[in-house]
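Enquirer: File data.pdb follows (PDB, C-alpha atoms, pLDDT in the B column):
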```pdb
ATOM      1  CA  MET E   1     -16.949  12.070  -5.354  1.00 90.00           C
ATOM      2  CA  LEU E   2     -14.065   9.715  -4.633  1.00 95.00           C
ATOM      3  CA  ASN E   3     -10.550  11.177  -4.970  1.00 97.00           C
ATOM      4  CA  ILE E   4      -7.007   9.916  -4.423  1.00 98.00           C
ATOM      5  CA  THR E   5      -3.966  12.002  -3.453  1.00 98.00           C
ATOM      6  CA  ARG E   6      -0.361  10.756  -3.596  1.00 98.00           C
ATOM      7  CA  LEU E   7       1.955  11.941  -0.808  1.00 98.00           C
ATOM      8  CA  PRO E   8       5.612  10.740  -0.760  1.00 97.00           C
ATOM      9  CA  LEU E   9       6.737  10.276   2.849  1.00 96.00           C
ATOM     10  CA  GLY E  10       9.785   9.166   4.818  1.00 91.00           C
ATOM     11  CA  LEU E  11      13.426   8.567   4.024  1.00 86.00           C
ATOM     12  CA  MET E  12      12.630   6.524   0.904  1.00 90.00           C
ATOM     13  CA  GLY E  13       9.890   8.730  -0.504  1.00 94.00           C
ATOM     14  CA  THR E  14       7.331   5.983  -0.038  1.00 97.00           C
ATOM     15  CA  ASN E  15       3.976   6.878  -1.562  1.00 98.00           C
ATOM     16  CA  SER E  16       1.201   7.247   0.956  1.00 98.00           C
ATOM     17  CA  TYR E  17      -2.267   7.653  -0.508  1.00 98.00           C
ATOM     18  CA  ILE E  18      -5.201   9.532   0.952  1.00 98.00           C
ATOM     19  CA  ILE E  19      -8.457   8.323  -0.595  1.00 98.00           C
ATOM     20  CA  THR E  20     -11.418  10.571   0.172  1.00 98.00           C
ATOM     21  CA  GLU E  21     -15.149  10.535  -0.382  1.00 96.00           C
ATOM     22  CA  ASN E  22     -17.200  13.395   0.997  1.00 92.00           C
ATOM     23  CA  ASN E  23     -15.720  13.956   4.458  1.00 96.00           C
ATOM     24  CA  LYS E  24     -14.309  10.458   5.032  1.00 98.00           C
ATOM     25  CA  ALA E  25     -10.812   9.193   4.223  1.00 98.00           C
ATOM     26  CA  LEU E  26      -8.712   6.063   3.978  1.00 98.00           C
ATOM     27  CA  VAL E  27      -4.951   6.377   4.495  1.00 98.00           C
ATOM     28  CA  VAL E  28      -2.840   3.809   2.658  1.00 98.00           C
ATOM     29  CA  ASP E  29       0.743   3.138   3.811  1.00 98.00           C
ATOM     30  CA  PRO E  30       1.608   5.982   6.228  1.00 98.00           C
ATOM     31  CA  GLY E  31       5.335   5.555   5.715  1.00 95.00           C
ATOM     32  CA  GLY E  32       6.661   8.330   7.938  1.00 92.00           C
ATOM     33  CA  ASP E  33       6.548  12.128   8.352  1.00 95.00           C
ATOM     34  CA  PHE E  34       3.309  12.049  10.328  1.00 97.00           C
ATOM     35  CA  GLN E  35       3.194  15.858  10.608  1.00 97.00           C
ATOM     36  CA  LYS E  36       3.249  16.155   6.814  1.00 97.00           C
ATOM     37  CA  LEU E  37       0.500  13.564   6.512  1.00 98.00           C
ATOM     38  CA  ASP E  38      -1.598  15.173   9.209  1.00 98.00           C
ATOM     39  CA  GLN E  39      -1.222  18.614   7.650  1.00 98.00           C
ATOM     40  CA  LEU E  40      -2.777  17.303   4.446  1.00 97.00           C
ATOM     41  CA  ILE E  41      -5.567  15.560   6.348  1.00 98.00           C
ATOM     42  CA  GLN E  42      -6.359  18.785   8.195  1.00 97.00           C
ATOM     43  CA  GLU E  43      -6.287  20.812   4.979  1.00 97.00           C
ATOM     44  CA  LYS E  44      -8.761  18.417   3.410  1.00 96.00           C
ATOM     45  CA  GLY E  45     -10.968  18.562   6.497  1.00 97.00           C
ATOM     46  CA  VAL E  46     -11.680  14.812   6.416  1.00 98.00           C
ATOM     47  CA  GLU E  47     -12.157  12.097   9.018  1.00 98.00           C
ATOM     48  CA  VAL E  48      -9.759   9.161   8.660  1.00 98.00           C
ATOM     49  CA  ILE E  49     -11.766   5.980   9.222  1.00 98.00           C
ATOM     50  CA  ALA E  50      -9.149   3.324   8.372  1.00 98.00           C
ATOM     51  CA  ILE E  51      -5.447   2.810   7.735  1.00 98.00           C
ATOM     52  CA  LEU E  52      -4.713   0.249   5.022  1.00 98.00           C
ATOM     53  CA  LEU E  53      -1.307  -1.371   4.547  1.00 98.00           C
ATOM     54  CA  THR E  54      -0.286  -2.852   1.208  1.00 98.00           C
ATOM     55  CA  HIS E  55       2.421  -4.678   3.185  1.00 98.00           C
ATOM     56  CA  ALA E  56       4.474  -4.192   6.338  1.00 98.00           C
ATOM     57  CA  HIS E  57       7.975  -3.240   5.204  1.00 97.00           C
ATOM     58  CA  PHE E  58       9.512  -0.555   7.407  1.00 96.00           C
ATOM     59  CA  ASP E  59       9.275   2.244   4.852  1.00 96.00           C
ATOM     60  CA  HIS E  60       5.492   1.801   4.627  1.00 97.00           C
ATOM     61  CA  ILE E  61       4.707   1.700   8.368  1.00 97.00           C
ATOM     62  CA  GLY E  62       6.701   4.521   9.986  1.00 96.00           C
ATOM     63  CA  ALA E  63       3.703   6.650  10.941  1.00 97.00           C
ATOM     64  CA  VAL E  64       1.203   3.845  11.549  1.00 98.00           C
ATOM     65  CA  ASP E  65       0.956   4.263  15.313  1.00 97.00           C
ATOM     66  CA  ASP E  66       0.915   8.067  15.173  1.00 98.00           C
ATOM     67  CA  ALA E  67      -1.918   7.949  12.640  1.00 98.00           C
ATOM     68  CA  ARG E  68      -3.821   5.247  14.516  1.00 98.00           C
ATOM     69  CA  GLN E  69      -3.685   7.236  17.760  1.00 98.00           C
ATOM     70  CA  ALA E  70      -4.425  10.631  16.211  1.00 98.00           C
ATOM     71  CA  TYR E  71      -7.415   9.469  14.172  1.00 98.00           C
ATOM     72  CA  GLN E  72      -8.585   6.554  16.359  1.00 98.00           C
ATOM     73  CA  ALA E  73      -8.670   4.540  13.140  1.00 98.00           C
ATOM     74  CA  PRO E  74      -8.100   0.773  12.829  1.00 98.00           C
ATOM     75  CA  VAL E  75      -5.172  -0.693  10.871  1.00 98.00           C
ATOM     76  CA  TYR E  76      -5.695  -3.391   8.229  1.00 98.00           C
ATOM     77  CA  LEU E  77      -2.933  -5.811   7.123  1.00 98.00           C
ATOM     78  CA  HIS E  78      -2.818  -9.227   5.447  1.00 98.00           C
ATOM     79  CA  GLN E  79      -2.568 -12.104   7.909  1.00 97.00           C
ATOM     80  CA  ALA E  80       0.658 -13.411   6.324  1.00 97.00           C
ATOM     81  CA  GLU E  81       2.471 -10.416   7.854  1.00 98.00           C
ATOM     82  CA  HIS E  82       0.694 -10.392  11.201  1.00 94.00           C
ATOM     83  CA  ASP E  83       3.995 -10.371  13.132  1.00 96.00           C
ATOM     84  CA  TRP E  84       5.868  -7.920  10.911  1.00 97.00           C
ATOM     85  CA  LEU E  85       4.711  -4.694  12.545  1.00 97.00           C
ATOM     86  CA  THR E  86       6.267  -5.684  15.863  1.00 97.00           C
ATOM     87  CA  ASP E  87       9.400  -7.384  14.469  1.00 95.00           C
ATOM     88  CA  SER E  88      12.122  -5.179  12.950  1.00 93.00           C
ATOM     89  CA  THR E  89      13.873  -8.219  11.465  1.00 92.00           C
ATOM     90  CA  LEU E  90      10.781  -9.217   9.498  1.00 94.00           C
ATOM     91  CA  ASN E  91       9.815  -5.690   8.412  1.00 94.00           C
ATOM     92  CA  GLY E  92      13.371  -5.024   7.272  1.00 92.00           C
ATOM     93  CA  SER E  93      14.302  -2.044   9.414  1.00 90.00           C
ATOM     94  CA  ALA E  94      16.878  -4.096  11.334  1.00 87.00           C
ATOM     95  CA  LEU E  95      18.707  -4.745   8.047  1.00 84.00           C
ATOM     96  CA  PHE E  96      19.351  -1.043   7.398  1.00 81.00           C
ATOM     97  CA  GLN E  97      21.175   1.464   9.579  1.00 74.00           C
ATOM     98  CA  ILE E  98      18.122   3.597  10.272  1.00 79.00           C
ATOM     99  CA  GLY E  99      17.068   2.356  13.690  1.00 85.00           C
ATOM    100  CA  GLU E 100      14.371  -0.193  14.380  1.00 91.00           C
ATOM    101  CA  ILE E 101      10.898   0.717  13.144  1.00 94.00           C
ATOM    102  CA  THR E 102       7.958  -1.068  14.723  1.00 94.00           C
ATOM    103  CA  ALA E 103       4.257  -0.563  15.398  1.00 95.00           C
ATOM    104  CA  GLU E 104       1.486  -2.212  17.356  1.00 96.00           C
ATOM    105  CA  PRO E 105      -0.201  -5.207  15.671  1.00 97.00           C
ATOM    106  CA  ALA E 106      -2.900  -4.599  13.067  1.00 98.00           C
ATOM    107  CA  ASP E 107      -6.512  -4.424  14.220  1.00 98.00           C
ATOM    108  CA  TYR E 108      -7.978  -6.348  11.282  1.00 98.00           C
ATOM    109  CA  GLU E 109      -6.732  -8.929   8.800  1.00 98.00           C
ATOM    110  CA  LEU E 110      -7.096  -8.270   5.089  1.00 98.00           C
ATOM    111  CA  LYS E 111      -8.375 -11.160   3.002  1.00 97.00           C
ATOM    112  CA  PRO E 112      -8.946 -11.405  -0.760  1.00 98.00           C
ATOM    113  CA  GLY E 113     -12.385 -10.258  -1.819  1.00 98.00           C
ATOM    114  CA  HIS E 114     -14.610  -7.232  -1.581  1.00 98.00           C
ATOM    115  CA  LEU E 115     -14.363  -4.937   1.416  1.00 98.00           C
ATOM    116  CA  GLU E 116     -16.623  -2.126   2.562  1.00 98.00           C
ATOM    117  CA  ILE E 117     -15.369   0.514   4.991  1.00 98.00           C
ATOM    118  CA  GLY E 118     -17.717   3.433   5.489  1.00 97.00           C
ATOM    119  CA  PRO E 119     -18.582   4.842   2.046  1.00 97.00           C
ATOM    120  CA  PHE E 120     -15.702   2.983   0.365  1.00 98.00           C
ATOM    121  CA  THR E 121     -16.182  -0.275  -1.530  1.00 97.00           C
ATOM    122  CA  PHE E 122     -13.160  -1.936  -3.133  1.00 98.00           C
ATOM    123  CA  GLU E 123     -11.518  -5.276  -3.835  1.00 98.00           C
ATOM    124  CA  VAL E 124      -8.526  -6.672  -1.975  1.00 98.00           C
ATOM    125  CA  ARG E 125      -6.252  -8.780  -4.179  1.00 98.00           C
ATOM    126  CA  HIS E 126      -3.440 -10.837  -2.643  1.00 98.00           C
ATOM    127  CA  THR E 127      -0.330 -10.004  -4.702  1.00 98.00           C
ATOM    128  CA  PRO E 128       2.607 -11.696  -2.928  1.00 98.00           C
ATOM    129  CA  GLY E 129       6.180 -11.904  -4.160  1.00 98.00           C
ATOM    130  CA  HIS E 130       7.681  -8.647  -2.953  1.00 98.00           C
ATOM    131  CA  SER E 131       6.537  -9.846   0.461  1.00 98.00           C
ATOM    132  CA  PRO E 132       4.256 -12.719   1.535  1.00 98.00           C
ATOM    133  CA  GLY E 133       1.349 -10.501   2.547  1.00 98.00           C
ATOM    134  CA  SER E 134       1.452  -7.881  -0.185  1.00 98.00           C
ATOM    135  CA  VAL E 135      -1.993  -6.839  -1.352  1.00 98.00           C
ATOM    136  CA  SER E 136      -3.422  -4.466  -3.958  1.00 98.00           C
ATOM    137  CA  PHE E 137      -6.557  -2.387  -3.473  1.00 98.00           C
ATOM    138  CA  VAL E 138      -8.722  -2.302  -6.609  1.00 98.00           C
ATOM    139  CA  PHE E 139     -11.251   0.532  -6.962  1.00 98.00           C
ATOM    140  CA  ARG E 140     -12.901  -0.861 -10.045  1.00 96.00           C
ATOM    141  CA  ASN E 141     -15.527   1.830 -10.627  1.00 95.00           C
ATOM    142  CA  GLN E 142     -12.949   4.607 -10.312  1.00 97.00           C
ATOM    143  CA  ARG E 143     -10.466   2.653 -12.461  1.00 98.00           C
ATOM    144  CA  PHE E 144      -7.487   2.804 -10.133  1.00 98.00           C
ATOM    145  CA  THR E 145      -5.518   0.298  -8.082  1.00 98.00           C
ATOM    146  CA  VAL E 146      -3.096   0.948  -5.229  1.00 98.00           C
ATOM    147  CA  ALA E 147      -0.489  -1.765  -5.782  1.00 98.00           C
ATOM    148  CA  GLY E 148       2.171  -1.156  -3.127  1.00 98.00           C
ATOM    149  CA  ASP E 149       5.605  -2.442  -4.132  1.00 98.00           C
ATOM    150  CA  THR E 150       4.270  -5.098  -6.491  1.00 98.00           C
ATOM    151  CA  LEU E 151       4.380  -3.205  -9.791  1.00 98.00           C
ATOM    152  CA  PHE E 152       6.101   0.081 -10.627  1.00 98.00           C
ATOM    153  CA  GLN E 153       6.298   2.268 -13.686  1.00 98.00           C
ATOM    154  CA  ARG E 154       8.670   0.171 -15.852  1.00 98.00           C
ATOM    155  CA  GLY E 155       9.710  -1.972 -12.915  1.00 97.00           C
ATOM    156  CA  ILE E 156       8.722  -4.547 -10.310  1.00 98.00           C
ATOM    157  CA  GLY E 157       9.241  -4.829  -6.573  1.00 97.00           C
ATOM    158  CA  ARG E 158      12.522  -6.087  -5.173  1.00 96.00           C
ATOM    159  CA  THR E 159      12.563  -9.700  -4.015  1.00 95.00           C
ATOM    160  CA  ASP E 160      15.804  -9.832  -2.005  1.00 92.00           C
ATOM    161  CA  LEU E 161      14.224  -9.028   1.368  1.00 89.00           C
ATOM    162  CA  PRO E 162      12.806 -11.689   3.751  1.00 86.00           C
ATOM    163  CA  GLY E 163       9.898 -13.539   2.158  1.00 92.00           C
ATOM    164  CA  GLY E 164      10.538 -12.191  -1.331  1.00 95.00           C
ATOM    165  CA  ASP E 165      10.200 -14.460  -4.374  1.00 97.00           C
ATOM    166  CA  ARG E 166      10.681 -13.291  -7.960  1.00 97.00           C
ATOM    167  CA  GLU E 167       8.667 -16.084  -9.556  1.00 97.00           C
ATOM    168  CA  ILE E 168       5.723 -15.529  -7.214  1.00 98.00           C
ATOM    169  CA  LEU E 169       5.883 -11.766  -7.800  1.00 98.00           C
ATOM    170  CA  GLU E 170       5.770 -12.099 -11.580  1.00 97.00           C
ATOM    171  CA  ASP E 171       2.849 -14.508 -11.273  1.00 98.00           C
ATOM    172  CA  SER E 172       1.002 -12.021  -9.031  1.00 98.00           C
ATOM    173  CA  ILE E 173       1.473  -9.273 -11.589  1.00 98.00           C
ATOM    174  CA  THR E 174       0.361 -11.336 -14.563  1.00 98.00           C
ATOM    175  CA  THR E 175      -2.629 -13.005 -12.875  1.00 98.00           C
ATOM    176  CA  GLN E 176      -3.849 -10.309 -10.461  1.00 98.00           C
ATOM    177  CA  LEU E 177      -2.865  -6.978 -12.039  1.00 98.00           C
ATOM    178  CA  PHE E 178      -2.553  -7.624 -15.766  1.00 98.00           C
ATOM    179  CA  SER E 179      -6.005  -9.255 -15.636  1.00 98.00           C
ATOM    180  CA  LEU E 180      -7.486  -5.842 -14.801  1.00 98.00           C
ATOM    181  CA  ARG E 181      -8.769  -3.582 -17.585  1.00 98.00           C
ATOM    182  CA  ASN E 182      -6.067  -1.937 -19.712  1.00 98.00           C
ATOM    183  CA  ASP E 183      -7.004   1.590 -18.686  1.00 98.00           C
ATOM    184  CA  MET E 184      -6.761   0.753 -14.980  1.00 98.00           C
ATOM    185  CA  LYS E 185      -4.437   3.274 -13.328  1.00 98.00           C
ATOM    186  CA  ILE E 186      -1.783   1.746 -11.092  1.00 98.00           C
ATOM    187  CA  TYR E 187      -0.616   3.747  -8.081  1.00 98.00           C
ATOM    188  CA  PRO E 188       2.688   2.205  -6.892  1.00 98.00           C
ATOM    189  CA  GLY E 189       4.494   2.317  -3.559  1.00 98.00           C
ATOM    190  CA  HIS E 190       7.285   4.428  -5.065  1.00 98.00           C
ATOM    191  CA  GLY E 191       7.420   6.703  -8.084  1.00 97.00           C
ATOM    192  CA  LEU E 192       4.765   7.888 -10.510  1.00 98.00           C
ATOM    193  CA  PRO E 193       1.469   6.245 -11.495  1.00 98.00           C
ATOM    194  CA  THR E 194       1.168   4.125 -14.613  1.00 98.00           C
ATOM    195  CA  THR E 195      -1.493   1.967 -16.298  1.00 98.00           C
ATOM    196  CA  VAL E 196      -1.961  -1.736 -16.894  1.00 98.00           C
ATOM    197  CA  GLU E 197      -1.681  -1.193 -20.645  1.00 98.00           C
ATOM    198  CA  GLU E 198       1.579   0.766 -20.343  1.00 98.00           C
ATOM    199  CA  GLU E 199       3.215  -1.913 -18.227  1.00 98.00           C
ATOM    200  CA  LYS E 200       2.072  -4.751 -20.465  1.00 97.00           C
ATOM    201  CA  LYS E 201       3.741  -2.968 -23.389  1.00 97.00           C
ATOM    202  CA  GLU E 202       6.687  -1.126 -21.837  1.00 97.00           C
ATOM    203  CA  ASN E 203       7.754  -2.924 -18.663  1.00 97.00           C
ATOM    204  CA  PRO E 204      11.096  -4.628 -19.439  1.00 97.00           C
ATOM    205  CA  PHE E 205      10.251  -7.541 -17.147  1.00 95.00           C
ATOM    206  CA  PHE E 206       7.245  -8.495 -19.285  1.00 93.00           C
ATOM    207  CA  SER E 207       7.199  -6.765 -22.686  1.00 73.00           C
TER     208      SER E 207
END
```
So, in terms of structure tokens, how does the structure I just supplied come out?
Expert:
Amino acid sequence: MLNITRLPLGLMGTNSYIITENNKALVVDPGGDFQKLDQLIQEKGVEVIAILLTHAHFDHIGAVDDARQAYQAPVYLHQAEHDWLTDSTLNGSALFQIGEITAEPADYELKPGHLEIGPFTFEVRHTPGHSPGSVSFVFRNQRFTVAGDTLFQRGIGRTDLPGGDREILEDSITTQLFSLRNDMKIYPGHGLPTTVEEEKKENPFFS
């Protein structure tokens, strides 16, 4: 049975998600605190077979290399942010007084459409606006979507970092996320989960 666990990590409490089926796991956005992440992986007794990035801002990539090396798992990222892992100016860490955060380049490029990794089958939707390569992972049969910093509970992603665009972000939400079924659960990059229906009705940017 497929399960998802939310684990806030790093200085900004960025949500990392561990998606498991049987003894296999996907890690989404390992944002920092690798020891905390690894402790949960060990407790679950699962094999990490891929690391998925919703986008490459610094607070989502802090433990990427540690996780890649520990689990020998490939990293997936949208091609629009191919250079962001290695460039602290692009990923935003150079803009904040936290030290430069970088990682080795991704192993595979994410493209819109269906993707199969081990026992996991899901849809990749390109949802730019917060950043050019932002994507959302849609697990249609399980009725949940990991949306990164695109859509939050009663909020939307910031657009004042490099490559951000408010108009593009709102279009991504309305066309790519609000087109999903109303009872689709949305797991955001920060904060608590919500649903498509809730955000259509209650989100002040759209309601």
Enquirer: With the PyMOL selection byres ((chain E and resi 21) around 7) as the selection, what would be picked from this file? Answer as a list in words, please.
Expert: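 Given this file, the PyMOL selection byres ((chain E and resi 21) around 7) evaluates to Met1, Leu2, Asn3, Thr20, Asn22, Asn23, Lys24 and Ala25 of chain E.
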Enquirer: Select, from E:Ile61, E:Ala56, E:Val138, E:Ala147, the residue with the minimum atom-to-atom distance to Pro162 (chain E), counting all atoms listed in the file.
Expert: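 Nearest to Pro162 (chain E): E:Ala56.
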Enquirer: Pick from E:Gln72, E:Ser134, E:Gln97, E:Thr127: nearest to Ser172 (chain E), with only C-alpha atoms counted?
Expert: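 Under the stated criterion, the closest residue is E:Thr127.
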Enquirer: List, as an MDAnalysis selection string, every residue that the PyMOL selection byres ((chain E and resi 67) around 9) selects in the file provided.
Expert: chainID E and resid 27 30 34 37:38 48 51 63:66 68:73
Enquirer: Output the selection as a PDB file, in the coordinates of the input - C-alpha atoms for each residue.
Expert:
```
ATOM      1  CA  VAL E  27      -4.951   6.377   4.495  1.00 98.00           C
ATOM      2  CA  PRO E  30       1.608   5.982   6.228  1.00 98.00           C
ATOM      3  CA  PHE E  34       3.309  12.049  10.328  1.00 97.00           C
ATOM      4  CA  LEU E  37       0.500  13.564   6.512  1.00 98.00           C
ATOM      5  CA  ASP E  38      -1.598  15.173   9.209  1.00 98.00           C
ATOM      6  CA  VAL E  48      -9.759   9.161   8.660  1.00 98.00           C
ATOM      7  CA  ILE E  51      -5.447   2.810   7.735  1.00 98.00           C
ATOM      8  CA  ALA E  63       3.703   6.650  10.941  1.00 97.00           C
ATOM      9  CA  VAL E  64       1.203   3.845  11.549  1.00 98.00           C
ATOM     10  CA  ASP E  65       0.956   4.263  15.313  1.00 97.00           C
ATOM     11  CA  ASP E  66       0.915   8.067  15.173  1.00 98.00           C
ATOM     12  CA  ARG E  68      -3.821   5.247  14.516  1.00 98.00           C
ATOM     13  CA  GLN E  69      -3.685   7.236  17.760  1.00 98.00           C
ATOM     14  CA  ALA E  70      -4.425  10.631  16.211  1.00 98.00           C
ATOM     15  CA  TYR E  71      -7.415   9.469  14.172  1.00 98.00           C
ATOM     16  CA  GLN E  72      -8.585   6.554  16.359  1.00 98.00           C
ATOM     17  CA  ALA E  73      -8.670   4.540  13.140  1.00 98.00           C
TER      18      ALA E  73
END
```
Enquirer: Can you pull out every residue within 7 Å of Glu81 (chain E), counting all atoms listed in the file, but drop anything in the same chain fewer than 3 positions away, and send it as a PyMOL selection string?
Expert: chain E and resi 56+78+84+132-133
Enquirer: Print the selection's residues with C-alpha atoms to a file, as a PDB file, in the coordinates of the input.
Expert:
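Output file selection-v5.pdb follows:
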```pdb
ATOM      1  CA  ALA E  56       4.474  -4.192   6.338  1.00 98.00           C
ATOM      2  CA  HIS E  78      -2.818  -9.227   5.447  1.00 98.00           C
ATOM      3  CA  TRP E  84       5.868  -7.920  10.911  1.00 97.00           C
ATOM      4  CA  PRO E 132       4.256 -12.719   1.535  1.00 98.00           C
ATOM      5  CA  GLY E 133       1.349 -10.501   2.547  1.00 98.00           C
TER       6      GLY E 133
END
```
Enquirer: Take CA of Arg143 (chain E) and CA of Gln176 (chain E) and report the distance between them in Å, one decimal.
Expert: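 Separation of CA of Arg143 (chain E) and CA of Gln176 (chain E): 14.7 Å.
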Enquirer: Would you pick out the contacts of Asp87 (chain E) at 9 Å or less, using only C-alpha atoms, so that residues sharing its chain but fewer than 3 positions from it are not included, and give the list as number ranges by chain?
Expert: E: 83-84, 90-94, 100-103
Enquirer: Restricting the calculation to all atoms listed in the file: of E:Asp59, E:Asp160, E:Glu109, E:Glu167, which residue gets closest to Val135 (chain E)?
Expert: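 Ranking E:Asp59, E:Asp160, E:Glu109, E:Glu167 by distance to Val135 (chain E), first place goes to E:Glu109.
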Enquirer: Go ahead and compute the interatomic distance for CA of Val46 (chain E) and CA of Gln142 (chain E), in Å to one decimal.
Expert: 19.6 Å
Enquirer: Can you measure CA of Gly148 (chain E) to CA of Glu43 (chain E) for me? One decimal in Å is fine.
Expert: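 Spanning CA of Gly148 (chain E) to CA of Glu43 (chain E) is a straight-line distance of 24.9 Å.
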Enquirer: Taking all atoms listed in the file into account, which of E:Asn182, E:Leu52, E:Gln153, E:Leu85 comes nearest Leu115 (chain E)?
Expert: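 Using all atoms listed in the file, Leu115 (chain E) sits closest to E:Leu52.
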Enquirer: Please list as a list in words every residue within 6 Å of His130 (chain E), counting only C-alpha atoms and excluding residues in the same chain fewer than 4 positions away.
Expert: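 Residues meeting the cut-off are Gly157, Arg158, Thr159 and Gly164 of chain E.
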Enquirer: Taking only C-alpha atoms into account, which of E:Ser16, E:Thr121, E:Thr86, E:Thr195 comes nearest Phe137 (chain E)?
Expert: E:Thr121
Enquirer: Which residues match the PyMOL selection byres ((chain E and resi 151) around 9) in the file above, as number ranges by chain?
Expert: E: 147-150, 152-157, 169, 173, 177, 186-189, 199
Enquirer: Counting all atoms listed in the file, which of E:Ile41, E:Leu9, E:Leu95, E:Val28 gets nearest to Tyr76 (chain E)?
Expert: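 Counting all atoms listed in the file, the residue closest to Tyr76 (chain E) is E:Val28.
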